[in-house]
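**Student:** Quick one, start29.txt (compact mmCIF, C-alpha atoms):
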# COMPACT_ATOMS: atom_id res chain seq x y z
CA MET E 29 0.00 0.00 0.00
CA ALA E 30 1.34 3.41 -0.98
CA THR E 31 2.22 5.94 1.67
CA THR E 32 0.17 9.13 1.59
CA ARG E 33 2.20 12.19 0.66
CA TRP E 34 0.55 14.69 3.00
CA LEU E 35 0.71 18.37 2.16
CA ASP E 36 3.42 20.21 4.02
CA GLU E 37 2.66 23.51 5.76
CA GLU E 38 3.41 25.68 2.70
CA GLU E 39 1.45 23.42 0.35
CA GLN E 40 -1.49 23.40 2.78
CA ARG E 41 -1.42 27.21 2.93
CA ALA E 42 -1.31 27.45 -0.88
CA TRP E 43 -4.10 24.88 -1.25
CA ARG E 44 -6.41 26.63 1.21
CA ALA E 45 -5.80 30.01 -0.45
CA PHE E 46 -6.48 28.45 -3.86
CA LEU E 47 -9.72 26.85 -2.60
CA GLY E 48 -10.88 30.17 -1.17
CA MET E 49 -10.06 32.00 -4.38
CA THR E 50 -11.80 29.45 -6.61
CA ALA E 51 -14.89 29.56 -4.37
CA LEU E 52 -15.18 33.35 -4.15
CA LEU E 53 -13.97 34.60 -7.56
CA PRO E 54 -16.71 33.03 -9.74
CA ALA E 55 -19.37 34.35 -7.36
CA ALA E 56 -17.88 37.86 -7.44
CA LEU E 57 -17.74 37.86 -11.25
CA ASP E 58 -21.28 36.48 -11.45
CA GLN E 59 -22.52 39.18 -9.07
CA GLN E 60 -21.00 41.95 -11.22
CA LEU E 61 -22.51 40.52 -14.42
CA GLN E 62 -25.94 40.06 -12.79
CA ARG E 63 -25.89 43.61 -11.43
CA ASP E 64 -24.61 45.34 -14.55
CA ALA E 65 -26.10 43.23 -17.36
CA ASP E 66 -28.69 40.84 -15.85
CA LEU E 67 -26.48 38.05 -17.14
CA SER E 68 -24.97 34.99 -15.46
CA HIS E 69 -21.27 34.33 -15.70
CA SER E 70 -21.91 31.07 -17.58
CA SER E 71 -24.08 32.92 -20.12
CA TYR E 72 -21.42 35.59 -20.54
CA ILE E 73 -18.79 32.91 -21.22
CA VAL E 74 -20.99 31.46 -23.98
CA LEU E 75 -21.47 34.89 -25.54
CA ALA E 76 -17.74 35.65 -25.25
CA MET E 77 -16.71 32.33 -26.83
CA LEU E 78 -19.07 32.98 -29.75
CA SER E 79 -17.84 36.57 -30.11
CA GLU E 80 -14.27 35.30 -30.56
CA ALA E 81 -15.15 32.52 -33.02
CA PRO E 82 -14.94 32.86 -36.80
CA ASP E 83 -18.29 34.11 -38.11
CA ARG E 84 -19.34 34.37 -34.45
CA SER E 85 -20.52 30.75 -34.58
CA LEU E 86 -19.49 27.37 -33.15
CA ARG E 87 -20.84 23.83 -33.24
CA MET E 88 -22.69 23.20 -30.00
CA SER E 89 -20.25 20.44 -29.04
CA GLU E 90 -17.25 22.73 -29.51
CA LEU E 91 -18.99 25.57 -27.67
CA ALA E 92 -19.71 23.20 -24.75
CA ALA E 93 -16.03 22.27 -24.59
CA ARG E 94 -14.84 25.90 -24.77
CA ALA E 95 -17.38 27.00 -22.15
CA ASN E 96 -16.48 24.01 -19.95
CA SER E 97 -20.14 23.01 -19.91
CA SER E 98 -22.04 19.77 -20.34
CA PRO E 99 -24.04 19.54 -23.57
CA SER E 100 -27.28 19.55 -21.58
CA ARG E 101 -26.38 22.60 -19.51
CA LEU E 102 -25.14 24.42 -22.61
CA SER E 103 -28.40 23.65 -24.41
CA HIS E 104 -30.37 25.26 -21.55
CA THR E 105 -28.04 28.29 -21.52
CA VAL E 106 -28.33 28.74 -25.28
CA ALA E 107 -32.13 28.42 -25.04
CA ARG E 108 -32.21 31.30 -22.53
CA LEU E 109 -29.94 33.37 -24.77
CA GLU E 110 -32.17 32.57 -27.77
CA GLU E 111 -35.20 33.84 -25.85
CA ARG E 112 -33.39 37.15 -25.42
CA GLY E 113 -32.50 37.28 -29.12
CA TRP E 114 -28.75 37.10 -28.48
CA VAL E 115 -28.05 33.67 -29.99
CA ARG E 116 -29.72 31.53 -32.62
CA ARG E 117 -29.26 27.87 -33.48
CA GLU E 118 -28.82 26.66 -37.03
CA LYS E 119 -28.15 23.30 -38.63
CA SER E 120 -24.52 22.85 -39.55
CA ALA E 121 -23.86 23.78 -43.18
CA GLU E 122 -21.16 21.09 -43.27
CA ASP E 123 -23.25 18.03 -42.44
CA ARG E 124 -26.79 19.28 -41.63
CA ARG E 125 -26.82 16.94 -38.59
CA GLY E 126 -25.06 19.04 -36.00
CA ASN E 127 -26.30 22.30 -34.55
CA VAL E 128 -24.36 25.53 -34.60
CA ALA E 129 -24.84 28.41 -32.15
CA VAL E 130 -24.58 31.82 -33.77
CA LEU E 131 -24.14 35.12 -31.94
CA THR E 132 -26.70 37.60 -33.29
CA ASP E 133 -26.00 41.29 -33.83
CA GLU E 134 -27.98 41.96 -30.65
CA GLY E 135 -25.82 39.43 -28.80
CA TRP E 136 -22.70 41.09 -30.16
CA ASP E 137 -23.97 44.42 -28.81
CA VAL E 138 -24.44 42.82 -25.38
CA VAL E 139 -20.85 41.52 -25.39
CA VAL E 140 -19.52 44.93 -26.46
CA ALA E 141 -21.54 46.69 -23.75
CA THR E 142 -20.79 44.14 -21.01
CA ALA E 143 -17.10 43.38 -21.61
CA PRO E 144 -15.68 46.63 -20.15
CA GLY E 145 -17.40 46.11 -16.79
CA HIS E 146 -16.39 42.45 -16.73
CA VAL E 147 -12.75 43.34 -17.45
CA ARG E 148 -12.85 45.96 -14.69
CA ALA E 149 -14.11 43.29 -12.26
CA VAL E 150 -11.40 40.83 -13.34
CA ARG E 151 -8.75 43.53 -12.93
CA ASP E 152 -10.13 44.61 -9.56
CA HIS E 153 -10.40 41.08 -8.14
CA VAL E 154 -7.27 39.55 -9.68
CA PHE E 155 -4.72 41.54 -11.63
CA ASP E 156 -4.65 44.73 -9.57
CA ALA E 157 -3.64 42.58 -6.58
CA LEU E 158 -0.62 41.18 -8.45
CA SER E 159 2.73 42.51 -9.59
CA PRO E 160 3.84 41.87 -13.19
CA ALA E 161 6.11 39.10 -11.89
CA GLN E 162 3.18 37.50 -10.06
CA VAL E 163 1.07 37.64 -13.24
CA ARG E 164 3.83 35.71 -15.03
CA GLN E 165 3.93 33.23 -12.11
CA LEU E 166 0.14 32.86 -12.24
CA THR E 167 0.36 32.10 -15.97
CA THR E 168 3.05 29.48 -15.40
CA ILE E 169 1.16 27.88 -12.51
CA ALA E 170 -2.24 27.90 -14.21
CA GLU E 171 -0.83 26.47 -17.44
CA ALA E 172 1.01 23.71 -15.56
CA VAL E 173 -2.10 22.62 -13.66
CA LEU E 174 -4.33 23.04 -16.71
CA GLY E 175 -1.94 20.84 -18.69
CA ARG E 176 -2.72 17.97 -16.32
CA LEU E 177 -6.47 18.62 -16.11
CA ASP E 178 -6.98 19.43 -19.80
CA PRO E 179 -4.40 17.40 -21.72
CA ASP E 180 -6.12 17.94 -25.08
CA GLY E 181 -5.89 21.72 -24.61
CA THR E 182 -9.60 22.50 -24.98
CA LEU E 183 -9.53 25.17 -22.27
CA ARG E 184 -5.99 26.37 -22.85
CA PRO E 185 -5.87 29.96 -24.06
CA PRO E 186 -4.32 30.60 -27.47
CA ALA E 187 -0.62 31.45 -27.52
CA PRO E 188 0.09 35.17 -27.87
CA PRO E 189 1.04 36.30 -31.38
CA ARG E 190 4.76 36.53 -32.06
Show how you would write the structure in this file as structure tokens.
**Tutor:**
Amino acid sequence: MATTRWLDEEEQRAWRAFLGMTALLPAALDQQLQRDADLSHSSYIVLAMLSEAPDRSLRMSELAARANSSPSRLSHTVARLEERGWVRREKSAEDRRGNVAVLTDEGWDVVVATAPGHVRAVRDHVFDALSPAQVRQLTTIAEAVLGRLDPDGTLRPPAPPR
């Protein structure tokens, strides 16, 4: 039987701080989006992923992966966004079997109007608390952990242009 490698004092401190951050940050971002745009964080992520996609459209399966959502949960989110006129579903032009989510012009306007407040909240809660060196450390740490949790790179951000 393998011996448990218990966390040492520094690892325990880091782990507890990480747990606190991952519990509180999504709620803080969700609160800002609800207050300023009557929009959940998960809905904003869907809109943002579509806004960054070519032709502002993605297959539902790819959108689910990029939004880190189950297909069922994504379908419900997209249905709510459709009701608001921000997204529409179409059959895939490639195979006519799959569905594609498309960001409407109204949805684009929501992203454009909402993004500045969201970025301010991200800066306020995260980046304004860090030095440039800490931002680089955060990138290194997050990419290392993400590499183990997401080996196919679905959630990995694109590399910066050279």
**Student:** Mind dumping a table of every stretch 78-158 of chain E residue within 12 Å of stretch 61-67 of chain E, with the nearest atom pair and its distance in Å to one decimal, using all atoms listed in the file, sorted by chain and rising number, as JSON lines?
**Tutor:**
{"residue": "E:Thr105", "atom": "CA", "partner": "E:Leu67", "partner_atom": "CA", "distance": 10.8}
{"residue": "E:Arg108", "atom": "CA", "partner": "E:Leu67", "partner_atom": "CA", "distance": 10.4}
{"residue": "E:Leu109", "atom": "CA", "partner": "E:Leu67", "partner_atom": "CA", "distance": 9.6}
{"residue": "E:Arg112", "atom": "CA", "partner": "E:Leu67", "partner_atom": "CA", "distance": 10.8}
{"residue": "E:Trp114", "atom": "CA", "partner": "E:Leu67", "partner_atom": "CA", "distance": 11.6}
{"residue": "E:Gly135", "atom": "CA", "partner": "E:Leu67", "partner_atom": "CA", "distance": 11.8}
{"residue": "E:Asp137", "atom": "CA", "partner": "E:Ala65", "partner_atom": "CA", "distance": 11.7}
{"residue": "E:Val138", "atom": "CA", "partner": "E:Ala65", "partner_atom": "CA", "distance": 8.2}
{"residue": "E:Val139", "atom": "CA", "partner": "E:Ala65", "partner_atom": "CA", "distance": 9.7}
{"residue": "E:Val140", "atom": "CA", "partner": "E:Ala65", "partner_atom": "CA", "distance": 11.4}
{"residue": "E:Ala141", "atom": "CA", "partner": "E:Ala65", "partner_atom": "CA", "distance": 8.6}
{"residue": "E:Thr142", "atom": "CA", "partner": "E:Ala65", "partner_atom": "CA", "distance": 6.5}
{"residue": "E:Ala143", "atom": "CA", "partner": "E:Leu61", "partner_atom": "CA", "distance": 9.4}
{"residue": "E:Pro144", "atom": "CA", "partner": "E:Asp64", "partner_atom": "CA", "distance": 10.6}
{"residue": "E:Gly145", "atom": "CA", "partner": "E:Asp64", "partner_atom": "CA", "distance": 7.6}
{"residue": "E:His146", "atom": "CA", "partner": "E:Leu61", "partner_atom": "CA", "distance": 6.8}
{"residue": "E:Val147", "atom": "CA", "partner": "E:Leu61", "partner_atom": "CA", "distance": 10.6}
{"residue": "E:Arg148", "atom": "CA", "partner": "E:Leu61", "partner_atom": "CA", "distance": 11.1}
{"residue": "E:Ala149", "atom": "CA", "partner": "E:Leu61", "partner_atom": "CA", "distance": 9.1}
{"residue": "E:Val150", "atom": "CA", "partner": "E:Leu61", "partner_atom": "CA", "distance": 11.2}
**Student:** So which residues touch E:Glu90 within 12 Å, counting only C-alpha atoms, skipping near sequence neighbours fewer than 4 positions away, as a short mmCIF file (atom, residue, chain, number, x, y, z; two decimals) with C-alpha atoms, keeping the file's coordinate frame?
**Tutor:**
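Result file is part-v4.cif:
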data_model
loop_
_atom_site.label_atom_id
_atom_site.label_comp_id
_atom_site.auth_asym_id
_atom_site.auth_seq_id
_atom_site.Cartn_x
_atom_site.Cartn_y
_atom_site.Cartn_z
CA VAL E 74 -20.99 31.46 -23.98
CA MET E 77 -16.71 32.33 -26.83
CA LEU E 78 -19.07 32.98 -29.75
CA ALA E 81 -15.15 32.52 -33.02
CA SER E 85 -20.52 30.75 -34.58
CA LEU E 86 -19.49 27.37 -33.15
CA ARG E 94 -14.84 25.90 -24.77
CA ALA E 95 -17.38 27.00 -22.15
CA ASN E 96 -16.48 24.01 -19.95
CA SER E 97 -20.14 23.01 -19.91
CA SER E 98 -22.04 19.77 -20.34
CA PRO E 99 -24.04 19.54 -23.57
CA LEU E 102 -25.14 24.42 -22.61
CA GLY E 126 -25.06 19.04 -36.00
CA ASN E 127 -26.30 22.30 -34.55
CA VAL E 128 -24.36 25.53 -34.60
CA ALA E 129 -24.84 28.41 -32.15
CA THR E 182 -9.60 22.50 -24.98
CA LEU E 183 -9.53 25.17 -22.27
#
**Student:** Which is closest to E:Pro82 among E:Leu131, E:Ala51, E:Leu158, E:Leu35, if we use only C-alpha atoms?
**Tutor:** E:Leu131
**Student:** Name the closest residue to E:Ala92 among the candidates E:Ser70, E:Arg41, E:Arg33, E:Asp152; distances are taken between atoms, counting all atoms listed in the file.
**Tutor:**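 Comparing E:Ser70, E:Arg41, E:Arg33, E:Asp152 against E:Ala92, the winner is E:Ser70.
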**Student:** Quick one, how far is atom CA of E:Pro179 from atom CA of E:His69?
**Tutor:**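 Interatomic distance, atom CA of E:Pro179 to atom CA of E:His69: 24.6 Å.
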**Student:** Grab the atom CA of E:Ala170 to atom CA of E:Phe46 distance for me, in Å with one decimal place.
**Tutor:** 11.2 Å
**Student:** Do a neighbour search on E:Val106 at 10 Å with all atoms listed in the file, toss out local chain neighbours closer than 5 positions, and write the hits as a list in words.
**Tutor:**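 Selected residues are Ser71, Val74, Leu75, Met88, Ser100, Arg101, Glu111, Arg112, Trp114, Val115, Arg116, Arg117, Ala129 and Val130 of chain E.
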**Student:** Pick out the closest residue to E:Ala93 from this set: E:Val154, E:Leu53, E:Ile73, E:Ile169. Count only C-alpha atoms.
**Tutor:**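 Ranking E:Val154, E:Leu53, E:Ile73, E:Ile169 by distance to E:Ala93, first place goes to E:Ile73.
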**Student:** Rounded to one decimal place, report the atom CA of E:Ala56-atom CA of E:Ala76 distance in Å.
**Tutor:**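 Computing it gives 17.9 Å between the two atoms.
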**Student:** Could you work out an axis-aligned box for stretch 85-93 of chain E, taking every atom the file lists and adding 5 Å on each side, and report centre and edge lengths in Å to one decimal, as AutoDock Vina command-line options?
**Tutor:**
--center_x -19.4 --center_y 25.6 --center_z -29.6 --size_x 16.7 --size_y 20.3 --size_z 20.0
